[in-house]
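File shown: start.csv (CSV, C-alpha atoms and all ligand atoms).
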chain,number,residue,atom,x,y,z
W,297,MET,CA,27.8,-66.6,-49.1
W,298,SER,CA,24.6,-64.9,-47.9
W,299,GLU,CA,21.4,-65.7,-49.6
W,300,ILE,CA,20.2,-62.2,-48.7
W,301,GLU,CA,20.7,-59.5,-51.2
W,302,VAL,CA,17.7,-57.3,-50.5
W,303,LEU,CA,16.9,-56.7,-46.9
W,304,GLY,CA,13.8,-55.1,-45.5
W,305,VAL,CA,14.2,-53.2,-42.2
W,306,VAL,CA,11.0,-52.3,-40.4
W,307,GLY,CA,11.4,-49.5,-37.9
W,308,GLY,CA,13.6,-46.5,-38.8
W,309,GLY,CA,14.6,-45.5,-35.2
W,310,PHE,CA,18.1,-45.4,-33.9
W,311,MET,CA,18.5,-49.3,-34.1
W,312,GLY,CA,16.7,-49.8,-37.4
W,313,SER,CA,18.6,-47.0,-39.1
W,314,GLY,CA,21.9,-48.4,-37.7
W,315,ILE,CA,21.0,-51.9,-39.0
W,316,ALA,CA,20.1,-50.5,-42.4
W,317,GLU,CA,23.3,-48.5,-42.6
W,318,SER,CA,25.5,-51.4,-41.7
W,319,ALA,CA,23.7,-53.7,-44.2
W,320,ALA,CA,24.0,-51.1,-47.0
W,321,ARG,CA,27.7,-50.6,-46.1
W,322,ALA,CA,28.1,-54.4,-46.5
W,323,GLY,CA,26.7,-54.1,-50.1
W,324,LEU,CA,23.1,-55.1,-49.5
W,325,THR,CA,20.2,-53.3,-50.9
W,326,VAL,CA,17.9,-52.1,-48.1
W,327,VAL,CA,14.3,-51.0,-47.9
W,328,ILE,CA,13.5,-49.2,-44.6
W,329,HIS,CA,9.8,-49.0,-43.6
W,330,GLU,CA,8.3,-46.6,-41.0
W,331,PRO,CA,4.5,-45.9,-41.1
W,332,GLU,CA,5.0,-42.1,-40.3
W,333,ALA,CA,6.8,-39.7,-42.6
W,334,ALA,CA,8.6,-37.6,-39.9
W,335,PRO,CA,10.5,-40.5,-38.3
W,336,LEU,CA,11.3,-41.9,-41.7
W,337,GLU,CA,12.8,-38.5,-42.7
W,338,ARG,CA,14.8,-38.5,-39.5
W,339,SER,CA,16.1,-42.0,-40.4
W,340,ARG,CA,17.2,-40.7,-43.8
W,341,GLU,CA,18.9,-37.6,-42.2
W,342,ARG,CA,20.6,-39.8,-39.6
W,343,ILE,CA,22.1,-42.2,-42.2
W,344,GLU,CA,23.1,-39.4,-44.6
W,345,ALA,CA,24.9,-37.6,-41.7
W,346,SER,CA,26.7,-40.8,-40.7
W,347,VAL,CA,27.8,-41.4,-44.3
W,348,ALA,CA,29.0,-37.8,-44.6
W,349,LYS,CA,31.0,-38.2,-41.4
W,350,ALA,CA,32.6,-41.4,-42.5
W,351,THR,CA,33.5,-39.8,-45.9
W,352,ARG,CA,35.0,-36.8,-44.1
W,353,ALA,CA,37.0,-39.2,-41.9
W,354,GLY,CA,38.3,-41.0,-44.9
W,355,LYS,CA,36.6,-44.3,-44.0
W,356,LEU,CA,34.5,-44.2,-47.3
W,357,THR,CA,35.3,-42.5,-50.6
W,358,ALA,CA,32.7,-40.0,-51.9
W,359,GLU,CA,31.8,-42.6,-54.6
W,360,GLU,CA,31.4,-45.4,-52.0
W,361,GLY,CA,29.2,-43.2,-49.9
W,362,GLU,CA,27.0,-42.2,-52.8
W,363,ALA,CA,26.7,-45.9,-53.9
W,364,MET,CA,25.8,-46.9,-50.4
W,365,LEU,CA,23.1,-44.3,-50.1
W,366,GLY,CA,21.8,-45.4,-53.5
W,367,ARG,CA,21.2,-48.9,-52.1
W,368,LEU,CA,18.8,-47.5,-49.5
W,369,THR,CA,15.1,-46.8,-50.0
W,370,TRP,CA,12.8,-45.3,-47.4
W,371,THR,CA,9.1,-45.9,-47.5
W,372,THR,CA,5.9,-45.5,-45.4
W,373,GLU,CA,4.2,-48.3,-47.3
W,374,LEU,CA,4.7,-51.8,-45.9
W,375,GLU,CA,3.6,-53.1,-49.4
W,376,ASP,CA,7.0,-51.8,-50.8
W,377,LEU,CA,8.7,-54.6,-48.9
W,378,ARG,CA,7.2,-57.1,-51.3
W,379,GLY,CA,10.0,-59.1,-52.9
W,380,VAL,CA,12.7,-58.5,-50.2
W,381,ASP,CA,14.8,-61.6,-49.4
W,382,ALA,CA,14.5,-61.2,-45.6
W,383,VAL,CA,13.3,-58.8,-43.0
W,384,VAL,CA,14.8,-57.5,-39.7
W,385,GLU,CA,12.2,-55.8,-37.5
W,386,ALA,CA,13.3,-53.1,-35.1
W,387,ILE,CA,10.0,-51.4,-33.9
W,388,ILE,CA,8.8,-50.6,-30.4
W,389,GLU,CA,9.4,-53.3,-27.7
W,390,ASP,CA,5.8,-54.3,-27.5
W,391,ALA,CA,4.8,-58.0,-28.0
W,392,LYS,CA,1.4,-57.3,-29.6
W,393,ALA,CA,2.8,-54.6,-32.0
W,394,LYS,CA,5.5,-57.0,-33.1
W,395,GLY,CA,3.1,-59.9,-33.4
W,396,SER,CA,0.7,-58.1,-35.6
W,397,LEU,CA,3.5,-56.8,-37.8
W,398,PHE,CA,4.9,-60.4,-38.2
W,399,LYS,CA,1.4,-61.5,-39.2
W,400,LYS,CA,1.3,-58.9,-42.0
W,401,LEU,CA,4.9,-59.7,-43.1
W,402,ASP,CA,4.1,-63.4,-43.2
W,403,ALA,CA,1.2,-62.8,-45.6
W,404,LEU,CA,3.2,-60.3,-47.7
W,405,LEU,CA,6.4,-62.3,-48.0
W,406,PRO,CA,5.6,-66.0,-48.4
W,407,ASP,CA,9.1,-66.7,-49.9
W,408,ALA,CA,11.3,-64.7,-47.5
W,409,VAL,CA,14.3,-66.6,-46.3
W,410,PHE,CA,13.6,-65.4,-42.7
W,411,LEU,CA,11.7,-62.9,-40.7
W,412,ALA,CA,13.9,-61.7,-37.9
W,413,SER,CA,13.2,-59.5,-34.8
W,414,ASN,CA,15.8,-57.3,-33.2
W,415,THR,CA,13.9,-57.5,-29.9
W,416,SER,CA,16.1,-57.4,-26.8
W,417,SER,CA,13.8,-59.3,-24.5
W,418,ILE,CA,10.4,-60.5,-26.1
W,419,PRO,CA,10.3,-64.3,-26.6
W,420,ILE,CA,10.9,-65.1,-30.3
W,421,ALA,CA,8.4,-68.0,-30.0
W,422,GLU,CA,5.7,-65.5,-29.0
W,423,ILE,CA,6.4,-63.4,-32.1
W,424,ALA,CA,6.7,-66.6,-34.3
W,425,ALA,CA,3.3,-67.8,-33.1
W,426,TRP,CA,1.6,-64.9,-35.1
W,427,THR,CA,2.9,-66.4,-38.4
W,428,ARG,CA,2.1,-69.6,-40.3
W,429,ARG,CA,5.8,-70.3,-40.8
W,430,PRO,CA,7.4,-70.2,-37.3
W,431,ASP,CA,10.4,-72.2,-38.7
W,432,ARG,CA,11.6,-69.1,-40.5
W,433,VAL,CA,11.3,-66.7,-37.5
W,434,ILE,CA,14.5,-65.9,-35.6
W,435,GLY,CA,16.0,-63.3,-33.3
W,436,VAL,CA,18.8,-61.2,-34.7
W,437,HIS,CA,19.7,-58.8,-31.9
W,438,PHE,CA,22.1,-56.0,-32.7
W,439,PHE,CA,23.9,-53.6,-30.3
W,440,SER,CA,23.9,-49.8,-30.2
W,441,PRO,CA,25.4,-48.0,-32.0
W,442,VAL,CA,25.0,-50.7,-34.6
W,443,PRO,CA,27.6,-49.4,-37.1
W,444,VAL,CA,30.2,-49.6,-34.3
W,445,MET,CA,29.3,-52.6,-32.2
W,446,THR,CA,30.4,-55.9,-33.8
W,447,LEU,CA,28.1,-58.3,-31.8
W,448,VAL,CA,24.9,-59.9,-33.0
W,449,GLU,CA,22.9,-62.3,-30.8
W,450,ILE,CA,21.3,-65.0,-32.9
W,451,VAL,CA,18.2,-66.3,-31.0
W,452,ARG,CA,16.8,-69.7,-32.0
W,453,ALA,CA,13.2,-70.2,-31.0
W,454,ILE,CA,11.5,-73.5,-30.4
W,455,ASP,CA,10.5,-73.9,-34.1
W,456,THR,CA,13.3,-72.1,-35.9
W,457,SER,CA,14.8,-74.3,-38.6
W,458,ASP,CA,18.5,-75.1,-39.2
W,459,ALA,CA,18.2,-73.3,-42.6
W,460,THR,CA,16.9,-70.1,-41.0
W,461,LEU,CA,19.7,-70.2,-38.4
W,462,ALA,CA,22.3,-70.7,-41.2
W,463,ALA,CA,20.9,-67.8,-43.2
W,464,ALA,CA,20.9,-65.5,-40.2
W,465,ASP,CA,24.6,-66.5,-39.5
W,466,ALA,CA,25.4,-65.8,-43.1
W,467,LEU,CA,23.8,-62.3,-42.9
W,468,ALA,CA,25.8,-61.5,-39.7
W,469,ALA,CA,29.0,-62.6,-41.4
W,470,ARG,CA,28.2,-60.5,-44.5
W,471,MET,CA,27.6,-57.5,-42.2
W,472,ARG,CA,30.9,-58.2,-40.5
W,473,LYS,CA,29.3,-58.9,-37.2
W,474,HIS,CA,30.3,-61.6,-34.8
W,475,PRO,CA,27.3,-63.9,-34.1
W,476,VAL,CA,26.8,-65.6,-30.7
W,477,HIS,CA,24.0,-68.1,-30.3
W,478,THR,CA,21.5,-68.0,-27.5
W,479,ALA,CA,18.4,-69.8,-26.4
W,480,ASP,CA,15.0,-68.0,-26.6
W,481,ARG,CA,15.0,-66.6,-23.0
W,482,ALA,CA,14.2,-63.0,-22.2
W,483,GLY,CA,17.4,-61.0,-22.2
W,484,PHE,CA,19.5,-63.6,-24.1
W,485,ILE,CA,23.1,-63.4,-23.1
W,486,VAL,CA,24.0,-59.7,-22.9
W,487,ASN,CA,20.9,-58.1,-21.4
W,488,MET,CA,20.6,-60.9,-18.8
W,489,LEU,CA,24.0,-59.8,-17.5
W,490,LEU,CA,23.8,-56.1,-18.3
W,491,VAL,CA,20.3,-55.2,-17.0
W,492,PRO,CA,20.8,-56.2,-13.3
W,493,TYR,CA,23.9,-54.0,-13.3
W,494,LEU,CA,22.1,-51.0,-14.9
W,495,MET,CA,19.0,-51.4,-12.7
W,496,ALA,CA,21.3,-51.5,-9.6
W,497,ALA,CA,23.0,-48.3,-10.7
W,498,ILE,CA,19.5,-46.6,-11.0
W,499,ARG,CA,18.6,-47.9,-7.5
W,500,MET,CA,21.9,-46.6,-6.2
W,501,PHE,CA,21.1,-43.2,-7.6
W,502,GLU,CA,17.5,-43.3,-6.5
W,503,ASP,CA,18.6,-44.1,-2.9
W,504,GLY,CA,21.0,-41.1,-2.9
W,505,PHE,CA,24.0,-43.4,-2.5
W,506,ALA,CA,26.2,-41.3,-4.8
W,507,THR,CA,25.9,-38.6,-7.5
W,508,ARG,CA,25.2,-39.6,-11.1
W,509,GLU,CA,28.7,-38.4,-12.0
W,510,ASP,CA,30.4,-40.4,-9.3
W,511,ILE,CA,28.4,-43.6,-10.2
W,512,ASP,CA,29.4,-43.2,-13.8
W,513,GLU,CA,33.0,-42.3,-13.2
W,514,GLY,CA,33.3,-45.2,-10.8
W,515,MET,CA,32.6,-47.7,-13.6
W,516,LYS,CA,34.5,-45.8,-16.2
W,517,GLN,CA,37.7,-45.2,-14.3
W,518,GLY,CA,37.4,-48.2,-11.9
W,519,CYS,CA,36.5,-50.8,-14.5
W,520,GLY,CA,37.5,-49.3,-17.9
W,521,HIS,CA,33.9,-49.2,-19.2
W,522,PRO,CA,33.5,-46.8,-22.2
W,523,MET,CA,30.3,-45.3,-20.6
W,524,GLY,CA,29.1,-45.2,-17.0
W,525,PRO,CA,25.8,-47.0,-16.3
W,526,LEU,CA,23.6,-44.0,-16.1
W,527,THR,CA,25.0,-42.5,-19.3
W,528,LEU,CA,24.5,-45.9,-20.9
W,529,CYS,CA,20.9,-46.0,-19.7
W,530,ASP,CA,20.3,-42.6,-21.3
W,531,PHE,CA,22.0,-43.8,-24.5
W,532,ILE,CA,19.9,-47.0,-24.8
W,533,GLY,CA,16.7,-45.0,-24.0
W,534,LEU,CA,14.9,-45.2,-20.6
W,535,ASP,CA,11.7,-46.3,-22.3
W,536,VAL,CA,13.6,-49.2,-23.8
W,537,MET,CA,15.3,-50.0,-20.5
W,538,TYR,CA,11.9,-50.0,-18.7
W,539,ALA,CA,10.4,-52.4,-21.4
W,540,ILE,CA,13.4,-54.8,-21.1
W,541,GLY,CA,13.2,-54.8,-17.3
W,542,VAL,CA,9.5,-55.6,-17.4
W,543,SER,CA,10.1,-58.5,-19.8
W,544,LEU,CA,12.9,-59.9,-17.8
W,545,TYR,CA,11.0,-59.6,-14.5
W,546,ASP,CA,8.0,-61.2,-16.2
W,547,GLU,CA,10.1,-64.1,-17.4
W,548,PHE,CA,12.2,-64.8,-14.3
W,549,LYS,CA,10.4,-63.0,-11.4
W,550,LYS,CA,13.8,-62.0,-9.9
W,551,PRO,CA,13.9,-58.5,-8.2
W,552,GLU,CA,17.2,-57.7,-9.8
W,553,TYR,CA,15.4,-57.3,-13.2
W,554,ALA,CA,12.5,-55.2,-11.9
W,555,PRO,CA,12.5,-51.5,-13.1
W,556,PRO,CA,13.0,-49.3,-10.0
W,557,PRO,CA,10.2,-46.8,-9.2
W,558,LEU,CA,12.3,-43.9,-10.4
W,559,LEU,CA,12.7,-45.4,-13.9
W,560,LYS,CA,9.0,-45.7,-14.3
W,561,ARG,CA,8.4,-42.1,-13.1
W,562,MET,CA,11.0,-40.8,-15.6
W,563,VAL,CA,9.5,-42.7,-18.5
W,564,VAL,CA,5.9,-41.6,-17.7
W,565,SER,CA,7.2,-38.1,-17.6
W,566,GLY,CA,8.8,-38.4,-21.1
W,567,HIS,CA,12.4,-38.4,-19.8
W,568,PHE,CA,13.6,-41.1,-22.2
W,569,GLY,CA,17.3,-40.1,-22.1
W,570,ARG,CA,19.4,-38.8,-24.9
W,571,LYS,CA,16.7,-39.0,-27.6
W,572,SER,CA,14.2,-36.8,-25.6
W,573,GLY,CA,16.6,-34.3,-24.2
W,574,ARG,CA,16.4,-35.4,-20.6
W,575,GLY,CA,17.2,-38.6,-18.7
W,576,PHE,CA,19.7,-38.9,-15.9
W,577,TYR,CA,21.5,-36.1,-17.7
W,578,GLU,CA,20.3,-33.2,-19.9
W,579,TYR,CA,20.8,-33.1,-23.7
W,580,PRO,CA,19.8,-29.7,-24.9
W,581,GLN,CA,20.1,-30.5,-28.6
W,582,ALA,CA,17.6,-33.3,-28.7
W,583,PRO,CA,14.0,-32.9,-29.9
W,584,LYS,CA,11.3,-33.0,-27.2
W,585,PRO,CA,9.1,-36.2,-27.3
W,586,ALA,CA,5.6,-35.7,-28.8
W,587,ALA,CA,4.0,-37.6,-25.9
W,588,ALA,CA,5.2,-39.5,-22.9
W,589,LYS,CA,4.1,-43.1,-22.7
W,590,VAL,CA,5.0,-46.2,-20.8
W,591,PRO,CA,5.6,-49.3,-22.9
W,592,ALA,CA,2.9,-51.9,-22.3
W,593,ALA,CA,3.8,-54.2,-19.3
W,594,ALA,CA,4.0,-57.9,-20.2
R,601,LIG,N1,27.4,-44.4,-36.1
R,601,LIG,C1,28.6,-44.7,-36.7
R,601,LIG,N2,29.8,-44.5,-36.0
R,601,LIG,C2,29.8,-44.1,-34.8
R,601,LIG,C3,28.6,-43.9,-34.1
R,601,LIG,C4,27.4,-44.0,-34.8
R,601,LIG,N3,26.2,-43.8,-34.2
R,601,LIG,N4,28.9,-43.5,-32.8
R,601,LIG,C5,30.2,-43.5,-32.7
R,601,LIG,N5,30.8,-43.9,-33.9
R,601,LIG,C6,32.2,-44.1,-34.2
R,601,LIG,C7,32.9,-42.8,-34.3
R,601,LIG,O1,32.9,-42.3,-35.6
R,601,LIG,C8,34.3,-43.2,-33.9
R,601,LIG,O2,35.0,-43.9,-35.0
R,601,LIG,P1,36.6,-43.8,-35.1
R,601,LIG,O3,37.2,-44.3,-33.9
R,601,LIG,O4,36.9,-44.7,-36.3
R,601,LIG,O5,36.8,-42.3,-35.4
R,601,LIG,C9,34.1,-44.3,-32.8
R,601,LIG,O6,32.8,-44.8,-33.1
R,601,LIG,C10,34.2,-43.8,-31.4
R,601,LIG,O7,33.3,-42.7,-31.3
R,601,LIG,P2,33.6,-41.3,-30.6
R,601,LIG,O8,35.1,-41.1,-30.6
R,601,LIG,O9,32.6,-40.3,-31.1
R,601,LIG,O10,33.1,-41.6,-29.1
R,601,LIG,P3,33.6,-42.7,-28.0
R,601,LIG,O11,35.0,-43.0,-28.2
R,601,LIG,O12,33.1,-42.1,-26.8
R,601,LIG,O13,32.7,-44.0,-28.4
R,601,LIG,C11,30.8,-45.3,-28.2
R,601,LIG,C12,31.3,-43.9,-28.5
R,601,LIG,C13,31.3,-46.3,-29.3
R,601,LIG,C14,29.3,-45.3,-28.3
R,601,LIG,C15,31.4,-45.8,-26.8
R,601,LIG,O14,31.1,-44.8,-25.9
R,601,LIG,C16,30.8,-47.1,-26.4
R,601,LIG,O15,31.2,-48.2,-26.8
R,601,LIG,N6,29.8,-47.1,-25.5
R,601,LIG,C17,29.1,-48.3,-24.9
R,601,LIG,C18,28.1,-48.7,-25.9
R,601,LIG,C19,27.4,-49.9,-25.4
R,601,LIG,O16,27.6,-50.5,-24.4
R,601,LIG,N7,26.4,-50.4,-26.3
R,601,LIG,C20,25.6,-51.5,-26.0
R,601,LIG,C21,24.3,-51.0,-25.4
R,601,LIG,S1,23.3,-52.4,-25.0
R,601,LIG,C22,22.4,-52.7,-26.4
R,601,LIG,O17,22.5,-52.1,-27.4
R,601,LIG,C23,21.5,-53.9,-26.3
R,601,LIG,C24,20.2,-53.7,-25.8
R,601,LIG,O18,19.3,-54.5,-26.1
R,601,LIG,C25,19.8,-52.6,-24.8
Please render this file's structure as structure tokens.
Amino acid sequence: MSEIEVLGVVGGGFMGSGIAESAARAGLTVVIHEPEAAPLERSRERIEASVAKATRAGKLTAEEGEAMLGRLTWTTELEDLRGVDAVVEAIIEDAKAKGSLFKKLDALLPDAVFLASNTSSIPIAEIAAWTRRPDRVIGVHFFSPVPVMTLVEIVRAIDTSDATLAAADALAARMRKHPVHTADRAGFIVNMLLVPYLMAAIRMFEDGFATREDIDEGMKQGCGHPMGPLTLCDFIGLDVMYAIGVSLYDEFKKPEYAPPPLLKRMVVSGHFGRKSGRGFYEYPQAPKPAAAKVPAAA
């Protein structure tokens, strides 16, 4: 039985909204925080649309959908997280931004069961070092799209306690996700294997080796992957891919993790993939990004 009944989710982007949706679907009460009103509103719209789709598809009754939405609250005030049982953070992949958030959460939530980060590649120990209780800091890494993907990587840092690990496992089980346990090394299990493959696909495209379509069809039809690598990069977000590559390269200094020059050029130009309307492919429906920026290098 999970000790967590009320979960705080900090960051209402694609990942944070997916985590909140999955938690609410599992019966938890969820408070989602985003400092800006516009992305917070997009988070609400995204989850409402997903619930409406699930209701239309007969996966949820109208009553269940309504009850689920009733368990979600959206707020721009971090203070509104006071009293939640635990937090999962899903903000930008930037060690300093995460660290200063954890410092605030640590002060705001002295009794929280755990403070978890959904980071894909930043050391949990580095985030925990910003708090006075590193024993309750843990990595809980979900996969995109969160409502569909059943895996969670549970990342134990150097000071994470057994009780924190057990509580994170219980939350994963409650959310009907399969936990795998990994050491606190950049990339954990999945990205350590996935990122060299995706970076190689970008280099292959950059070198004019094959068209984007043929690279993607090669892996879809040749290996049965649901998405080709360039489509998957666009789906994950090229800004996120760049940040993960930088973290992995910083940790292991192996060229296979280093973001290729083309990836950096695309990110500085605001070509973030599906969310910005342009990546390796074009997505005419997506909103244009407010400003292009490269995530801070480690
Ligand atoms: N929310 C809720 N449900 C969703 C959804 C979302 N955002 N996206 C898709 N679905 C559901 C659909 O409703 C559908 O459900 P049913 O089968 O019950 O009808 C099902 O998922 C399949 O969706 P679609 O038919 O629309 O599309 P598809 O068959 O092409 O599948 C996909 C879409 C599940 C995204 C599939 O393409 C896929 O698995 N892609 C690979 C995703 C992947 O590799 N994710 C990991 C990324 S790496 C990561 O996240 C870690 C990191 O740190 C970078």
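Nearest to W:Ala497 of all the residues W:Ala393, W:Ile343, W:Val302, W:Cys529 is W:Cys529, based on all atoms listed in the file.
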Please identify the residues whose atoms come within 8 Å of ligand LIG 601 (chain R), using all atoms listed in the file, and report them as a PyMOL selection string. chain W and resi 314+346+349-350+353+355+415-417+437-445+483+486-487+490+521-523+528+531-532+536-537+540
Excluding same-chain residues fewer than 4 positions from W:Phe501, what lies within 12 Å of it counting only C-alpha atoms, as an MDAnalysis selection string? chainID W and resid 494:497 505:512 525:526 556:559 576
Could you jot down the atom CA of W:Gly514 to atom CA of W:Arg570 separation for me, Å, one decimal place? 20.8 Å
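The protein and nucleic acid residues lying at most 12 Å from W:Arg561 are Glu502, Leu534, Asp535, Tyr538, Pro555, Pro556, Pro557, Leu558, Val564, Ser565, Gly566, His567, Phe568, Gly575, Ala588, Lys589 and Val590 of chain W, with only C-alpha atoms considered and sequence neighbours fewer than 3 positions away removed.
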List every protein, DNA or RNA residue that has at least one atom no more than 12 Å from (6.7, -57.2, -49.2) in the file's coordinates, counting only C-alpha atoms, and write the result as a PyMOL selection string. chain W and resi 302-306+327-329+371+373-383+397-398+400-408+411
File of the preceding selection, C-alpha atoms, as a PDB file, in the frame of the given file:
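To be explicit, this is the file written out as again36.pdb:
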ATOM      1  CA  VAL W 302      17.700 -57.300 -50.500  1.00  0.00           C
ATOM      2  CA  LEU W 303      16.900 -56.700 -46.900  1.00  0.00           C
ATOM      3  CA  GLY W 304      13.800 -55.100 -45.500  1.00  0.00           C
ATOM      4  CA  VAL W 305      14.200 -53.200 -42.200  1.00  0.00           C
ATOM      5  CA  VAL W 306      11.000 -52.300 -40.400  1.00  0.00           C
ATOM      6  CA  VAL W 327      14.300 -51.000 -47.900  1.00  0.00           C
ATOM      7  CA  ILE W 328      13.500 -49.200 -44.600  1.00  0.00           C
ATOM      8  CA  HIS W 329       9.800 -49.000 -43.600  1.00  0.00           C
ATOM      9  CA  THR W 371       9.100 -45.900 -47.500  1.00  0.00           C
ATOM     10  CA  GLU W 373       4.200 -48.300 -47.300  1.00  0.00           C
ATOM     11  CA  LEU W 374       4.700 -51.800 -45.900  1.00  0.00           C
ATOM     12  CA  GLU W 375       3.600 -53.100 -49.400  1.00  0.00           C
ATOM     13  CA  ASP W 376       7.000 -51.800 -50.800  1.00  0.00           C
ATOM     14  CA  LEU W 377       8.700 -54.600 -48.900  1.00  0.00           C
ATOM     15  CA  ARG W 378       7.200 -57.100 -51.300  1.00  0.00           C
ATOM     16  CA  GLY W 379      10.000 -59.100 -52.900  1.00  0.00           C
ATOM     17  CA  VAL W 380      12.700 -58.500 -50.200  1.00  0.00           C
ATOM     18  CA  ASP W 381      14.800 -61.600 -49.400  1.00  0.00           C
ATOM     19  CA  ALA W 382      14.500 -61.200 -45.600  1.00  0.00           C
ATOM     20  CA  VAL W 383      13.300 -58.800 -43.000  1.00  0.00           C
ATOM     21  CA  LEU W 397       3.500 -56.800 -37.800  1.00  0.00           C
ATOM     22  CA  PHE W 398       4.900 -60.400 -38.200  1.00  0.00           C
ATOM     23  CA  LYS W 400       1.300 -58.900 -42.000  1.00  0.00           C
ATOM     24  CA  LEU W 401       4.900 -59.700 -43.100  1.00  0.00           C
ATOM     25  CA  ASP W 402       4.100 -63.400 -43.200  1.00  0.00           C
ATOM     26  CA  ALA W 403       1.200 -62.800 -45.600  1.00  0.00           C
ATOM     27  CA  LEU W 404       3.200 -60.300 -47.700  1.00  0.00           C
ATOM     28  CA  LEU W 405       6.400 -62.300 -48.000  1.00  0.00           C
ATOM     29  CA  PRO W 406       5.600 -66.000 -48.400  1.00  0.00           C
ATOM     30  CA  ASP W 407       9.100 -66.700 -49.900  1.00  0.00           C
ATOM     31  CA  ALA W 408      11.300 -64.700 -47.500  1.00  0.00           C
ATOM     32  CA  LEU W 411      11.700 -62.900 -40.700  1.00  0.00           C
TER      33      LEU W 411
END
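Proximity of W:Asp465, W:Gly307, W:Gly518, W:Thr372 to W:Ala333, computed with all atoms listed in the file, is greatest for W:Thr372.
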Could you tell me how far atom CA of W:Ala479 sits from atom CA of W:Arg428, in Å to one decimal place? 21.4 Å
Of the residues W:Glu362, W:Thr527, W:Val451, W:Asp458, which is the one nearest to W:Glu578, using only C-alpha atoms?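 Once distances to W:Glu578 are computed over only C-alpha atoms, the minimum belongs to W:Thr527.
Neighbouring residues of W:Gly309 at 9 Å or closer, counting only C-alpha atoms and skipping chain neighbours under 3 positions away, are Gly312, Ser313, Gly314, Glu330, Pro335, Leu336, Arg338, Ser339, Ala386 and Ile387 of chain W.
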Can you spit out the residues from that selection as an mmCIF file, in the coordinates of the input, using C-alpha atoms?
data_model
loop_
_atom_site.group_PDB
_atom_site.id
_atom_site.type_symbol
_atom_site.label_atom_id
_atom_site.label_comp_id
_atom_site.auth_asym_id
_atom_site.auth_seq_id
_atom_site.Cartn_x
_atom_site.Cartn_y
_atom_site.Cartn_z
ATOM 1 C CA GLY W 312 16.700 -49.800 -37.400
ATOM 2 C CA SER W 313 18.600 -47.000 -39.100
ATOM 3 C CA GLY W 314 21.900 -48.400 -37.700
ATOM 4 C CA GLU W 330 8.300 -46.600 -41.000
ATOM 5 C CA PRO W 335 10.500 -40.500 -38.300
ATOM 6 C CA LEU W 336 11.300 -41.900 -41.700
ATOM 7 C CA ARG W 338 14.800 -38.500 -39.500
ATOM 8 C CA SER W 339 16.100 -42.000 -40.400
ATOM 9 C CA ALA W 386 13.300 -53.100 -35.100
ATOM 10 C CA ILE W 387 10.000 -51.400 -33.900
#
Between atom CA of W:Tyr545 and atom CA of W:Met488, what is the distance in Å, rounded to a tenth?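 Separating atom CA of W:Tyr545 from atom CA of W:Met488 is a distance of 10.6 Å.
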Counting all atoms listed in the file, the residue among W:His477, W:Arg340, W:Lys550, W:Arg367 that lies closest to W:Leu461 is W:His477
Minimum-distance residue to W:Ala466, chosen among W:Phe484, W:Tyr493, W:Phe410, W:Trp426 (using all atoms listed in the file): W:Phe410
Between W:Val347, W:Met515, W:Ala425, W:Ala463, which is the closest to W:Ala320 once you count all atoms listed in the file?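 Closest candidate: W:Val347.
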